[in-house]
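Structure file work39.cif; described as mmCIF, C-alpha atoms.
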data_data
#
loop_
_atom_site.label_atom_id
_atom_site.label_comp_id
_atom_site.auth_asym_id
_atom_site.auth_seq_id
_atom_site.Cartn_x
_atom_site.Cartn_y
_atom_site.Cartn_z
CA MET A 1 159.06 -60.88 124.17
CA ASP A 2 159.21 -59.21 127.58
CA ALA A 3 157.92 -60.68 130.84
CA ALA A 4 154.76 -58.58 130.93
CA ALA A 5 153.80 -59.59 127.41
CA LEU A 6 154.48 -63.26 128.15
CA PHE A 7 152.37 -63.00 131.28
CA ALA A 8 149.50 -61.32 129.45
CA GLU A 9 149.54 -63.99 126.80
CA HIS A 10 150.00 -67.13 128.86
CA HIS A 11 148.58 -66.40 132.29
CA PRO A 12 144.83 -66.56 131.49
CA PRO A 13 144.93 -69.98 129.80
CA LEU A 14 147.40 -71.30 132.38
CA PHE A 15 145.20 -70.19 135.25
CA ARG A 16 142.11 -71.64 133.54
CA TYR A 17 143.83 -74.99 133.05
CA LEU A 18 145.25 -75.13 136.59
CA SER A 19 141.93 -74.20 138.20
CA ARG A 20 140.26 -76.98 136.22
CA LEU A 21 143.00 -79.35 137.28
CA THR A 22 142.89 -78.52 140.97
CA GLY A 23 139.37 -77.18 141.49
CA ASP A 24 140.90 -74.47 143.65
CA PRO A 25 141.52 -71.00 142.20
CA ASP A 26 143.95 -70.11 145.00
CA VAL A 27 146.13 -73.13 144.35
CA ALA A 28 145.85 -72.47 140.63
CA GLU A 29 146.97 -68.87 140.95
CA ASP A 30 149.89 -69.75 143.21
CA ALA A 31 151.00 -72.50 140.86
CA ALA A 32 150.72 -70.17 137.88
CA GLN A 33 152.82 -67.54 139.67
CA GLU A 34 155.33 -70.21 140.58
CA ALA A 35 155.62 -71.20 136.94
CA PHE A 36 156.28 -67.59 135.90
CA VAL A 37 158.90 -67.13 138.63
CA ARG A 38 160.71 -70.19 137.32
CA LEU A 39 160.33 -68.94 133.77
CA MET A 40 162.34 -65.87 134.73
CA GLU A 41 164.94 -67.96 136.51
CA ARG A 42 165.45 -70.57 133.86
CA PRO A 43 163.74 -69.67 130.61
CA PRO A 44 163.12 -72.59 128.23
CA ALA A 45 164.15 -72.70 124.61
CA PRO A 46 162.24 -70.35 122.31
CA GLY A 47 159.05 -71.92 121.02
CA GLU A 48 158.63 -74.13 124.08
CA THR A 49 157.44 -71.50 126.51
CA ARG A 50 153.77 -72.46 126.57
CA ALA A 51 154.28 -76.20 127.04
CA TRP A 52 157.03 -75.50 129.57
CA LEU A 53 154.83 -73.18 131.64
CA PHE A 54 152.00 -75.69 131.71
CA ARG A 55 154.35 -78.50 132.70
CA VAL A 56 155.91 -76.53 135.55
CA GLY A 57 152.51 -75.19 136.63
CA THR A 58 151.10 -78.72 136.69
CA ASN A 59 153.91 -79.97 138.91
CA ALA A 60 153.58 -77.00 141.26
CA ALA A 61 149.82 -77.51 141.50
CA TRP A 62 150.04 -81.21 142.29
CA MET A 63 152.72 -80.53 144.88
CA ALA A 64 150.59 -77.84 146.53
CA LEU A 65 147.58 -80.16 146.60
CA ARG A 66 149.61 -82.94 148.18
CA THR A 67 151.01 -80.58 150.81
CA ARG A 68 147.52 -79.34 151.53
CA GLY A 69 146.29 -82.95 151.78
CA ARG A 70 149.01 -83.82 154.27
CA ARG A 71 148.23 -80.74 156.35
CA LYS A 72 144.55 -81.57 156.37
CA ARG A 73 145.24 -85.14 157.47
CA LEU A 74 147.41 -83.86 160.33
CA LEU A 75 144.73 -81.41 161.44
CA ASP A 76 142.04 -84.03 161.18
CA ALA A 77 144.11 -86.35 163.35
CA ALA A 78 144.47 -83.70 166.05
CA PRO A 79 141.29 -81.67 166.05
CA GLY A 80 142.17 -79.97 169.33
CA ARG A 81 145.13 -78.32 167.64
CA VAL A 82 143.24 -76.76 164.79
CA PRO A 83 144.24 -73.10 164.69
CA LEU A 84 141.53 -70.67 165.66
CA GLY A 85 140.33 -68.04 163.27
CA ASP A 86 137.88 -67.37 160.53
CA ALA A 87 136.85 -70.10 158.20
CA PRO A 88 138.70 -70.05 154.91
CA PRO A 89 137.01 -67.88 152.32
CA ALA A 90 134.32 -69.62 150.36
CA PRO A 91 135.22 -70.53 146.80
CA ASP A 92 134.20 -68.15 144.12
CA VAL A 93 130.78 -69.59 143.49
CA GLN A 94 128.21 -67.89 141.43
CA ALA A 95 124.67 -69.14 141.79
CA GLU A 96 124.12 -70.12 138.21
CA SER A 97 127.30 -72.11 137.76
CA ALA A 98 127.79 -73.51 141.25
CA GLU A 99 125.92 -76.71 140.61
CA THR A 100 127.57 -77.32 137.24
CA ARG A 101 130.94 -76.57 138.78
CA ALA A 102 130.37 -79.03 141.60
CA ARG A 103 129.28 -81.72 139.18
CA VAL A 104 132.25 -81.19 136.87
CA ARG A 105 134.59 -81.04 139.84
CA ALA A 106 133.33 -84.33 141.27
CA ALA A 107 133.65 -86.03 137.89
CA LEU A 108 137.20 -84.76 137.33
CA GLU A 109 138.30 -85.81 140.79
CA GLY A 110 137.18 -89.32 139.95
CA LEU A 111 139.98 -89.48 137.39
CA ALA A 112 143.54 -90.47 138.18
CA GLU A 113 145.95 -87.51 138.36
CA ARG A 114 147.61 -88.42 135.10
CA ASP A 115 144.36 -88.98 133.18
CA ARG A 116 143.00 -85.68 134.45
CA THR A 117 146.15 -83.84 133.41
CA ILE A 118 146.14 -85.43 129.97
CA LEU A 119 142.47 -84.72 129.34
CA LEU A 120 142.70 -81.10 130.43
CA MET A 121 145.85 -80.48 128.40
CA GLN A 122 144.05 -81.91 125.39
CA GLN A 123 141.22 -79.47 126.07
CA GLU A 124 143.80 -76.68 125.92
CA GLY A 125 144.81 -77.87 122.46
CA PHE A 126 148.25 -79.28 123.26
CA ARG A 127 149.94 -81.70 120.90
CA TYR A 128 150.10 -85.28 122.05
CA ARG A 129 153.89 -85.02 122.05
CA GLU A 130 153.74 -82.12 124.51
CA ILE A 131 151.19 -83.91 126.67
CA ALA A 132 153.33 -87.05 126.71
CA GLU A 133 156.37 -85.04 127.81
CA ALA A 134 154.38 -83.35 130.57
CA VAL A 135 153.16 -86.57 132.17
CA GLY A 136 156.03 -88.88 131.25
CA THR A 137 154.39 -91.28 128.85
CA THR A 138 154.62 -92.14 125.17
CA THR A 139 152.93 -90.11 122.45
CA GLN A 140 151.23 -93.27 121.19
CA SER A 141 149.44 -93.89 124.48
CA VAL A 142 148.00 -90.38 124.87
CA GLY A 143 144.99 -91.01 122.62
CA THR A 144 144.09 -94.17 124.52
CA MET A 145 144.34 -92.36 127.84
CA ILE A 146 142.13 -89.51 126.64
CA ALA A 147 139.56 -92.01 125.41
CA ARG A 148 139.63 -93.77 128.77
CA ALA A 149 139.10 -90.51 130.64
CA LEU A 150 136.26 -89.47 128.31
CA ASN A 151 134.59 -92.86 128.75
CA LYS A 152 134.71 -92.43 132.49
CA LEU A 153 133.32 -88.91 132.42
CA ALA A 154 130.61 -89.71 129.89
CA ALA A 155 128.36 -91.47 132.37
CA GLU A 156 128.81 -89.02 135.24
CA LEU A 157 128.31 -85.92 133.12
CA ARG A 158 125.71 -87.48 130.79
CA LEU A 159 127.83 -86.61 127.77
CA ASP A 160 126.08 -89.24 125.64
CA GLU A 161 122.53 -87.98 126.03
CA GLU A 162 120.81 -88.21 122.69
CA ASP A 163 118.32 -85.36 122.63
CA GLY A 164 118.18 -81.97 124.21
CA TRP A 165 121.51 -82.16 125.97
CA ASN A 166 121.66 -79.54 128.68
CA PRO A 167 125.05 -78.78 130.19
CA ASP A 168 123.45 -77.50 133.40
CA ARG A 169 121.52 -80.66 134.09
CA MET B 1 129.07 -102.80 105.13
CA GLU B 2 128.59 -104.56 108.43
CA PRO B 3 131.46 -104.40 110.90
CA GLY B 4 131.78 -108.18 110.91
CA SER B 5 132.45 -108.32 107.17
CA LEU B 6 135.48 -106.01 107.26
CA THR B 7 138.85 -107.52 106.63
CA LEU B 8 140.63 -104.77 108.58
CA PRO B 9 140.30 -104.73 112.36
CA HIS B 10 138.23 -101.95 113.89
CA LEU B 11 139.97 -98.77 114.90
CA ASP B 12 140.78 -98.70 118.57
CA ASP B 13 139.82 -95.82 120.85
CA GLY B 14 143.30 -94.30 120.76
CA ASP B 15 143.25 -94.26 116.93
CA LEU B 16 139.89 -92.51 116.92
CA LEU B 17 141.12 -89.81 119.31
CA CYS B 18 144.27 -89.33 117.21
CA LEU B 19 142.09 -88.77 114.15
CA LEU B 20 139.79 -86.38 115.97
CA ASP B 21 142.68 -84.33 117.31
CA GLY B 22 144.60 -84.25 114.04
CA GLU B 23 147.43 -86.30 115.51
CA ALA B 24 147.42 -89.23 113.07
CA ASP B 25 150.25 -89.28 110.55
CA ALA B 26 149.41 -89.16 106.85
CA ALA B 27 149.64 -92.92 106.23
CA SER B 28 147.53 -93.81 109.27
CA ARG B 29 144.97 -91.22 108.28
CA VAL B 30 144.57 -92.69 104.80
CA ASP B 31 144.04 -96.19 106.23
CA ALA B 32 141.70 -94.95 108.93
CA ASP B 33 139.64 -92.87 106.50
CA ALA B 34 139.23 -95.92 104.27
CA HIS B 35 138.10 -97.96 107.23
CA LEU B 36 135.69 -95.30 108.42
CA ARG B 37 134.07 -95.07 105.00
CA ALA B 38 133.32 -98.78 105.17
CA CYS B 39 132.53 -99.17 108.86
CA PRO B 40 129.45 -97.49 110.33
CA ALA B 41 130.27 -98.81 113.79
CA CYS B 42 133.62 -97.01 113.91
CA ARG B 43 132.06 -93.89 112.40
CA GLU B 44 129.50 -93.91 115.17
CA ARG B 45 132.16 -94.40 117.83
CA MET B 46 134.18 -91.54 116.40
CA GLU B 47 131.16 -89.25 116.41
CA ARG B 48 130.45 -90.26 119.99
CA TYR B 49 133.97 -89.26 121.03
CA ARG B 50 133.66 -85.99 119.14
CA THR B 51 130.40 -85.24 120.94
CA ARG B 52 131.88 -86.15 124.32
CA ARG B 53 134.92 -83.99 123.75
CA ASP B 54 132.89 -80.99 122.61
CA ARG B 55 130.33 -81.30 125.39
CA LEU B 56 133.06 -81.62 127.98
CA ALA B 57 134.60 -78.40 126.61
CA GLN B 58 131.25 -76.65 127.09
CA LEU B 59 130.87 -77.94 130.63
CA LEU B 60 134.40 -76.95 131.60
CA ALA B 61 133.87 -73.46 130.22
CA ARG B 62 130.67 -73.06 132.24
CA ALA B 63 132.39 -74.20 135.41
CA ASP B 64 135.49 -72.02 135.02
CA PHE B 65 136.57 -69.57 137.69
CA ALA B 66 137.12 -65.98 136.67
CA VAL B 67 140.76 -65.27 135.86
CA PRO B 68 142.20 -63.04 138.61
CA ALA B 69 143.67 -59.71 137.63
CA SER B 70 147.22 -60.70 138.49
CA ALA B 71 150.49 -59.01 137.85
CA PRO B 72 153.55 -60.92 136.73
CA PRO B 73 155.97 -61.84 139.51
CA SER B 74 158.29 -58.89 140.03
CA SER B 75 161.49 -60.89 140.23
CA ALA B 76 162.81 -64.34 140.52
CA SER B 77 163.39 -65.67 144.03
CA PRO B 78 166.84 -67.03 144.75
CA ARG B 79 166.92 -70.68 145.65
CA ASP B 80 169.61 -72.84 147.18
CA THR B 81 168.30 -76.13 145.93
CA ASP B 82 165.44 -77.50 143.94
CA ASP B 83 164.05 -79.08 147.11
CA ALA B 84 163.76 -75.73 148.84
CA LYS B 85 160.86 -74.54 146.76
CA VAL B 86 159.51 -71.06 147.33
CA ILE B 87 155.77 -71.15 146.99
CA PRO B 88 154.57 -67.60 146.38
CA LEU B 89 152.17 -66.29 148.99
CA ARG B 90 148.70 -65.23 147.96
CA PRO B 91 149.15 -61.46 148.20
CA ARG B 92 151.65 -61.62 145.38
CA ALA B 93 148.86 -62.04 142.89
CA ALA B 94 147.58 -58.57 143.61
CA ARG B 95 150.93 -56.96 144.13
CA ALA B 96 152.11 -54.40 141.64
CA PRO B 97 155.49 -55.02 140.05
CA ALA B 98 158.33 -53.61 142.14
CA ARG B 99 159.75 -50.36 140.85
CA VAL B 100 163.41 -49.96 140.40
CA VAL B 101 164.44 -46.76 142.13
CA ASN B 102 166.95 -45.04 139.91
CA ARG B 103 166.60 -41.32 140.50
CA PRO B 104 169.57 -38.99 140.12
CA TRP B 105 168.52 -36.80 143.05
CA LEU B 106 168.63 -39.78 145.40
CA ARG B 107 172.12 -40.55 144.27
CA ALA B 108 173.06 -36.89 144.67
CA ALA B 109 171.72 -36.94 148.25
CA ALA B 110 173.84 -39.98 148.98
CA VAL B 111 176.87 -38.14 147.62
CA VAL B 112 176.18 -35.15 149.90
CA LEU B 113 176.02 -37.47 152.90
CA LEU B 114 179.31 -38.96 151.86
CA LEU B 115 180.73 -35.45 151.55
CA ILE B 116 179.81 -34.69 155.17
CA ALA B 117 181.30 -37.95 156.27
CA ALA B 118 184.45 -37.17 154.33
CA ALA B 119 184.86 -33.92 156.23
CA ALA B 120 185.19 -35.92 159.38
CA VAL B 121 187.97 -38.20 158.25
CA ALA B 122 191.64 -37.54 158.60
CA THR B 123 193.42 -34.97 156.42
CA PRO B 124 195.54 -37.39 154.30
CA ALA B 125 192.42 -39.24 153.16
CA ARG B 126 190.38 -36.09 152.63
CA ALA B 127 191.91 -35.15 149.28
CA TRP B 128 191.38 -38.60 147.84
CA ILE B 129 187.76 -38.79 149.07
CA ALA B 130 187.02 -35.29 147.78
CA ALA B 131 188.38 -36.27 144.35
CA TRP B 132 186.25 -39.44 144.35
CA ILE B 133 183.15 -37.50 145.39
CA GLY B 134 183.85 -35.00 142.64
CA ARG B 135 183.91 -37.79 140.09
CA GLN B 136 180.60 -39.17 141.43
CA VAL B 137 178.98 -35.74 141.33
CA ASP B 138 180.14 -35.34 137.73
CA ARG B 139 178.70 -38.72 136.84
CA VAL B 140 175.33 -38.01 138.48
CA THR B 141 175.16 -34.62 136.80
CA HIS B 142 176.01 -36.17 133.47
CA GLU B 143 173.33 -38.88 133.86
CA SER B 144 170.73 -36.25 134.71
CA GLN B 145 171.25 -34.50 131.41
CA PRO B 146 168.93 -35.37 128.58
CA ALA B 147 170.50 -37.60 125.97
CA PRO B 148 172.05 -35.62 123.12
CA PRO B 149 170.13 -35.72 119.88
CA ARG B 150 171.19 -38.42 117.49
CA SER B 151 173.42 -37.40 114.69
CA ARG B 152 171.61 -36.81 111.44
CA VAL B 153 174.25 -38.82 109.68
CA ALA B 154 173.51 -41.88 111.82
CA GLN B 155 169.82 -41.81 111.07
CA THR B 156 168.66 -44.06 108.28
CA PRO B 157 165.45 -43.38 106.45
CA ALA B 158 162.53 -45.53 107.58
CA PRO B 159 161.47 -48.25 105.15
CA PRO B 160 158.27 -47.54 103.24
CA ALA B 161 155.27 -48.45 105.37
CA ALA B 162 153.45 -51.66 104.45
CA PRO B 163 149.72 -51.32 103.86
CA GLN B 164 148.02 -51.39 107.23
CA PRO B 165 144.92 -53.44 107.92
CA SER B 166 141.86 -51.30 108.62
CA ALA B 167 141.00 -53.29 111.77
CA GLN B 168 142.89 -55.81 113.82
CA VAL B 169 142.29 -57.80 117.01
CA ARG B 170 144.42 -60.20 118.99
CA PHE B 171 143.13 -62.74 121.51
CA VAL B 172 143.77 -66.12 123.10
CA PRO B 173 141.14 -68.70 122.16
CA ALA B 174 139.59 -70.65 125.03
CA GLY B 175 140.37 -74.31 124.48
CA GLY B 176 141.06 -76.19 121.29
CA GLU B 177 138.23 -74.81 119.20
CA LEU B 178 137.83 -71.43 117.54
CA ARG B 179 134.55 -70.19 116.11
CA VAL B 180 134.49 -67.51 113.43
CA ASP B 181 131.06 -66.08 112.83
CA VAL B 182 130.72 -63.83 109.77
CA ALA B 183 127.49 -61.86 109.95
CA HIS B 184 126.75 -61.70 106.20
CA THR B 185 127.85 -63.09 102.90
CA GLN B 186 129.57 -60.33 100.95
CA ALA B 187 129.70 -58.97 97.41
CA SER B 188 133.22 -60.36 97.20
CA GLY B 189 136.17 -61.14 99.43
CA ALA B 190 137.42 -64.15 101.33
CA LEU B 191 138.39 -65.35 104.78
CA THR B 192 141.84 -66.91 105.02
CA LEU B 193 142.95 -69.08 107.93
CA VAL B 194 146.69 -69.41 108.47
CA ARG B 195 148.70 -70.99 111.25
CA VAL B 196 150.75 -68.98 113.73
CA ASP B 197 153.16 -69.98 116.49
CA GLY B 198 152.27 -69.24 120.08
CA PRO B 199 148.94 -69.22 121.90
CA ALA B 200 147.47 -65.97 120.56
CA ALA B 201 145.17 -65.69 117.59
CA SER B 202 144.77 -62.55 115.56
CA ALA B 203 142.38 -61.31 112.93
CA GLU B 204 142.60 -58.43 110.54
CA VAL B 205 140.53 -56.76 107.88
CA LEU B 206 142.51 -56.25 104.70
CA GLY B 207 141.56 -53.14 102.81
CA PRO B 208 139.88 -49.88 103.77
CA GLN B 209 136.56 -51.28 104.93
CA SER B 210 134.30 -50.32 107.80
CA VAL B 211 133.96 -53.78 109.29
CA GLU B 212 133.95 -54.54 112.99
CA LEU B 213 135.90 -57.39 114.55
CA LEU B 214 134.55 -58.56 117.89
CA VAL B 215 136.21 -61.04 120.21
CA VAL B 216 133.52 -63.16 121.88
CA PRO B 217 133.86 -66.09 124.32
CA SER B 218 133.62 -68.65 121.53
CA GLY B 219 136.09 -66.86 119.25
CA LEU B 220 135.59 -64.11 116.70
CA ARG B 221 132.61 -62.32 115.25
CA ILE B 222 132.97 -60.32 112.04
CA ARG B 223 130.28 -57.66 111.73
CA ASN B 224 130.25 -56.92 108.04
CA THR B 225 127.57 -55.94 105.53
CA ALA B 226 126.28 -57.65 102.41
CA ALA B 227 127.83 -54.88 100.31
CA ALA B 228 131.31 -55.32 101.80
CA SER B 229 134.19 -56.63 99.73
CA ALA B 230 136.90 -56.94 102.37
CA ASP B 231 139.26 -59.84 102.82
CA TYR B 232 139.99 -61.18 106.28
CA ARG B 233 143.01 -62.96 107.57
CA VAL B 234 142.78 -65.00 110.77
CA GLN B 235 145.95 -66.37 112.32
CA VAL B 236 145.16 -69.58 114.15
CA PRO B 237 147.50 -70.63 116.95
CA ASP B 238 148.93 -74.07 117.26
CA GLY B 239 146.65 -75.02 120.16
CA VAL B 240 143.47 -74.77 118.13
CA ARG B 241 142.44 -78.16 116.76
CA HIS B 242 139.72 -76.94 114.47
CA VAL B 243 138.01 -73.75 113.38
CA ARG B 244 134.26 -73.59 112.86
CA VAL B 245 133.31 -70.92 110.33
CA ARG B 246 129.73 -69.82 109.85
CA ILE B 247 128.87 -67.24 107.20
CA GLY B 248 125.58 -65.34 107.21
CA GLY B 249 123.99 -67.78 109.63
CA GLY B 250 124.39 -70.57 107.08
CA ARG B 251 125.93 -73.96 107.36
CA GLU B 252 129.05 -74.37 109.46
CA THR B 253 132.38 -75.21 107.81
CA VAL B 254 134.78 -77.12 110.03
CA VAL B 255 138.46 -76.65 109.18
CA ASP B 256 140.89 -79.01 110.89
CA ARG B 257 144.30 -78.01 112.15
CA ALA B 258 146.06 -80.20 109.57
CA GLU B 259 144.36 -78.30 106.76
CA ILE B 260 145.48 -74.93 108.12
CA GLU B 261 149.00 -76.14 108.76
CA SER B 262 149.65 -77.44 105.28
CA ALA B 263 148.78 -74.43 103.12
CA GLY B 264 146.24 -72.31 104.94
CA ARG B 265 142.60 -72.35 103.98
CA THR B 266 140.68 -69.68 102.07
CA ILE B 267 136.90 -69.55 102.26
CA PRO B 268 135.09 -67.28 99.79
CA LEU B 269 132.52 -64.98 101.34
CA ALA B 270 130.45 -64.25 98.22
CA PRO B 271 127.23 -66.25 97.89
CA ARG B 272 127.57 -69.19 95.54
#
Please, can you express the file's structure as structure tokens?
Amino acid sequence: MDAAALFAEHHPPLFRYLSRLTGDPDVAEDAAQEAFVRLMERPPAPGETRAWLFRVGTNAAWMALRTRGRRKRLLDAAPGRVPLGDAPPAPDVQAESAETRARVRAALEGLAERDRTILLMQQEGFRYREIAEAVGTTTQSVGTMIARALNKLAAELRLDEEDGWNPDR
Amino acid sequence: MEPGSLTLPHLDDGDLLCLLDGEADAASRVDADAHLRACPACRERMERYRTRRDRLAQLLARADFAVPASAPPSSASPRDTDDAKVIPLRPRAARAPARVVNRPWLRAAAVVLLLIAAAAVATPARAWIAAWIGRQVDRVTHESQPAPPRSRVAQTPAPPAAPQPSAQVRFVPAGGELRVDVAHTQASGALTLVRVDGPAASAEVLGPQSVELLVVPSGLRIRNTAAASADYRVQVPDGVRHVRVRIGGGRETVVDRAEIESAGRTIPLAPR
């Protein structure tokens, strides 16, 4: 399969996953592009492309977030040296989903990096073996980690409401 | 049976998630199914996890950002070491792929420039340079010519065409669940779910039928009629954990990944 076809097939789900992981579409898009650049440089074995792209994209996204965190801490420590200019563009918020997005974002950020990665990879339908390889754990422990993450999110996102569950509430 | 009266220990949370996600091996599944039949507490816990997982999927989908219209990176960036990572800059997302300039007239222009330069060099070298330029001009001229037609002898007859489906769609399901909504029960025909490698699903109508296949956010909608008799084949990618099939607005049939993987699953579309 050629690069354009691979991109068309894998980019939308990869971007979706990375934007859920990071909460930042810019970071997600950069990390996705980074993963595709590396795919061209060092392609994985046939049949492993999808898991490989998600693994590399995950690492690139976490690295970008950490770099951004360090930069923010430096700027916060020296407010007089903050570069002048326009404020960064507002995130792509649409009125109807902004509140839901903020609520989901806050809940996900309450999870440890590894639990968040595992849970979101499960949501993308990955095998436990692939998830375990991506985060460096055993296949047997993936189910327990997903359960732990779901338990934590259940309260904050009211996932256990009995009647009339409303995702926007 | 009350949980306290069971001789087997309760299933732990990890076991329940393995069952839900189709990750338990055959032996574990048999044991777990036996336990679940006897233990309402574990059944309830499993249902709770199923609900949590499905509701989280809904919430995530509602909170998703729109996928940018990006182009694939045009080329790989050279790197000295793994530490020196090149993080692509934002504009790359919107950048069109670089075009490789390979036009014969450009090469010809370069040859002409070389020709002028050759005129300026000393006489002993001139003959050699002129010969080299001649060869380059010949090569450029040759490359500009259209390719000769293939020999008739070399052509092999095309294999007989396989019957083509009357409609076909291809798409990437969002998340681990795929919904297939069939508008009506039919006079006859069936829907077959089979596994496919890779992230993309596909669906096709088998037979000359005027049936519409629509890709919707939750999966696939088949717009058929009650008089139709078509068969449908849906290829389900590895990432989909289960497929929810609803026919004619009736009850939903949930097909797990393990079922599709073993032998495929065929669901009749005629009313029972």
Mind checking which residues fall within 9 Å of Thr138 of chain A, counting only C-alpha atoms, ignoring those fewer than 5 positions away in the same chain, and posting them as a PyMOL selection string?
-> chain A and resi 128-129+132-133
Provide the atom CA of Ala32 of chain A to atom CA of Gly136 of chain A distance in Å, to one decimal place.
->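 Rounded to one decimal, the two atoms are 20.5 Å apart.
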Using only C-alpha atoms: which of B:Tyr49, B:Leu36, B:Arg179, B:Ala227 has the shortest distance to Gly143 of chain A =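 Once distances to Gly143 of chain A are computed over only C-alpha atoms, the minimum belongs to B:Tyr49.
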Would you compute, for all listed atoms of segment 136-140 of chain A, the axis-aligned bounding box grown by 3 Å on each side, and then report its centre and edge lengths in Å rounded to one decimal, as AutoDock Vina command-line options?
--center_x 153.6 --center_y -91.1 --center_z 126.2 --size_x 10.8 --size_y 10.4 --size_z 16.1
Within 6 Å of file point (148.8, -75.1, 133.5), counting all atoms listed in the file, expressed as an MDAnalysis selection string | chainID A and resid 14 17:18 54 57:58
Using atom CA of Arg62 of chain B and atom CA of Ala102 of chain A as the two end points, give the distance in Å to one decimal.
-> 11.1 Å
Residues in the PyMOL selection byres ((chain B and resi 198) around 9), expressed as a ChimeraX atom specification | /A:9,47-50 /B:196-197,199-201,237-239
For chain A, which residue among B:Leu11, B:Leu193, B:Val180, B:Leu269 is the nearest when counting only C-alpha atoms?
->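 Answer, going by the shortest atom-to-atom distance: B:Leu11.
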What residues come out when you apply the PyMOL selection byres ((chain B) within 6 of (chain A)) to this file, written as a ChimeraX atom specification?
-> /B:13-14,17-18,52,59,63,72,76,175-176,239-240
Requested write-out: C-alpha atoms of the selected residues, as a compact mmCIF listing (two decimals), in the frame of the given file:
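What follows is the written file part.txt:
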# COMPACT_ATOMS: atom_id res chain seq x y z
CA ASP B 13 139.82 -95.82 120.85
CA GLY B 14 143.30 -94.30 120.76
CA LEU B 17 141.12 -89.81 119.31
CA CYS B 18 144.27 -89.33 117.21
CA ARG B 52 131.88 -86.15 124.32
CA LEU B 59 130.87 -77.94 130.63
CA ALA B 63 132.39 -74.20 135.41
CA PRO B 72 153.55 -60.92 136.73
CA ALA B 76 162.81 -64.34 140.52
CA GLY B 175 140.37 -74.31 124.48
CA GLY B 176 141.06 -76.19 121.29
CA GLY B 239 146.65 -75.02 120.16
CA VAL B 240 143.47 -74.77 118.13
Which residue, B:Ala57, B:Val245, B:Ala203, B:Ala230, has the smallest gap to Ala174 of chain B when you use all atoms listed in the file?
-> B:Ala57
Target residues per the PyMOL selection byres ((chain A and resi 113) around 12), formatted as a count of residues only = 24
Suppose you want the space between atom CA of Asp256 of chain B and atom CA of Leu19 of chain B; what is it in Å?
-> 10.4 Å
Using all atoms listed in the file, which residues sit within 10 Å of Ser166 of chain B once same-chain residues fewer than 2 positions away are excluded, as a list in words?
-> Pro163, Gln164, Gln168, Glu204, Val205, Leu206, Gly207, Pro208, Gln209, Ser210, Val211, Glu212 and Ala230 of chain B
Which of these residues is nearest to Arg43 of chain B, using all atoms listed in the file: B:Arg251, B:Arg223, B:Arg241, B:His10?
->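 For Arg43 of chain B, the nearest of the given residues is B:His10.
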Could you pull segment 112-145 of chain A out of the structure just shown and give C-alpha atoms as a PDB file, in the first residue's frame?
ATOM      1  CA  ALA A 112      -2.244   8.558  35.131  1.00  0.00           C
ATOM      2  CA  GLU A 113      -0.565   8.747  31.702  1.00  0.00           C
ATOM      3  CA  ARG A 114      -0.408   4.995  31.365  1.00  0.00           C
ATOM      4  CA  ASP A 115      -4.016   4.378  32.422  1.00  0.00           C
ATOM      5  CA  ARG A 116      -5.216   7.064  30.018  1.00  0.00           C
ATOM      6  CA  THR A 117      -3.231   5.550  27.164  1.00  0.00           C
ATOM      7  CA  ILE A 118      -4.508   2.057  27.897  1.00  0.00           C
ATOM      8  CA  LEU A 119      -8.124   3.131  28.184  1.00  0.00           C
ATOM      9  CA  LEU A 120      -8.069   5.156  24.974  1.00  0.00           C
ATOM     10  CA  MET A 121      -6.310   2.394  23.039  1.00  0.00           C
ATOM     11  CA  GLN A 122      -8.999   0.001  24.250  1.00  0.00           C
ATOM     12  CA  GLN A 123     -11.597   2.447  22.948  1.00  0.00           C
ATOM     13  CA  GLU A 124      -9.882   2.236  19.561  1.00  0.00           C
ATOM     14  CA  GLY A 125     -10.331  -1.529  19.630  1.00  0.00           C
ATOM     15  CA  PHE A 126      -6.716  -2.598  20.107  1.00  0.00           C
ATOM     16  CA  ARG A 127      -5.869  -6.062  21.351  1.00  0.00           C
ATOM     17  CA  TYR A 128      -4.597  -6.269  24.894  1.00  0.00           C
ATOM     18  CA  ARG A 129      -1.315  -7.621  23.537  1.00  0.00           C
ATOM     19  CA  GLU A 130      -0.848  -4.508  21.414  1.00  0.00           C
ATOM     20  CA  ILE A 131      -1.809  -2.231  24.290  1.00  0.00           C
ATOM     21  CA  ALA A 132       0.624  -4.015  26.598  1.00  0.00           C
ATOM     22  CA  GLU A 133       3.441  -3.569  24.069  1.00  0.00           C
ATOM     23  CA  ALA A 134       2.640   0.120  23.677  1.00  0.00           C
ATOM     24  CA  VAL A 135       2.839   0.942  27.377  1.00  0.00           C
ATOM     25  CA  GLY A 136       5.346  -1.687  28.486  1.00  0.00           C
ATOM     26  CA  THR A 137       3.246  -3.914  30.690  1.00  0.00           C
ATOM     27  CA  THR A 138       1.953  -7.471  30.624  1.00  0.00           C
ATOM     28  CA  THR A 139      -1.097  -8.541  28.646  1.00  0.00           C
ATOM     29  CA  GLN A 140      -2.614 -10.004  31.813  1.00  0.00           C
ATOM     30  CA  SER A 141      -2.605  -6.672  33.629  1.00  0.00           C
ATOM     31  CA  VAL A 142      -4.300  -4.655  30.865  1.00  0.00           C
ATOM     32  CA  GLY A 143      -7.840  -5.667  31.852  1.00  0.00           C
ATOM     33  CA  THR A 144      -7.237  -4.698  35.462  1.00  0.00           C
ATOM     34  CA  MET A 145      -5.843  -1.322  34.425  1.00  0.00           C
TER      35      MET A 145
END
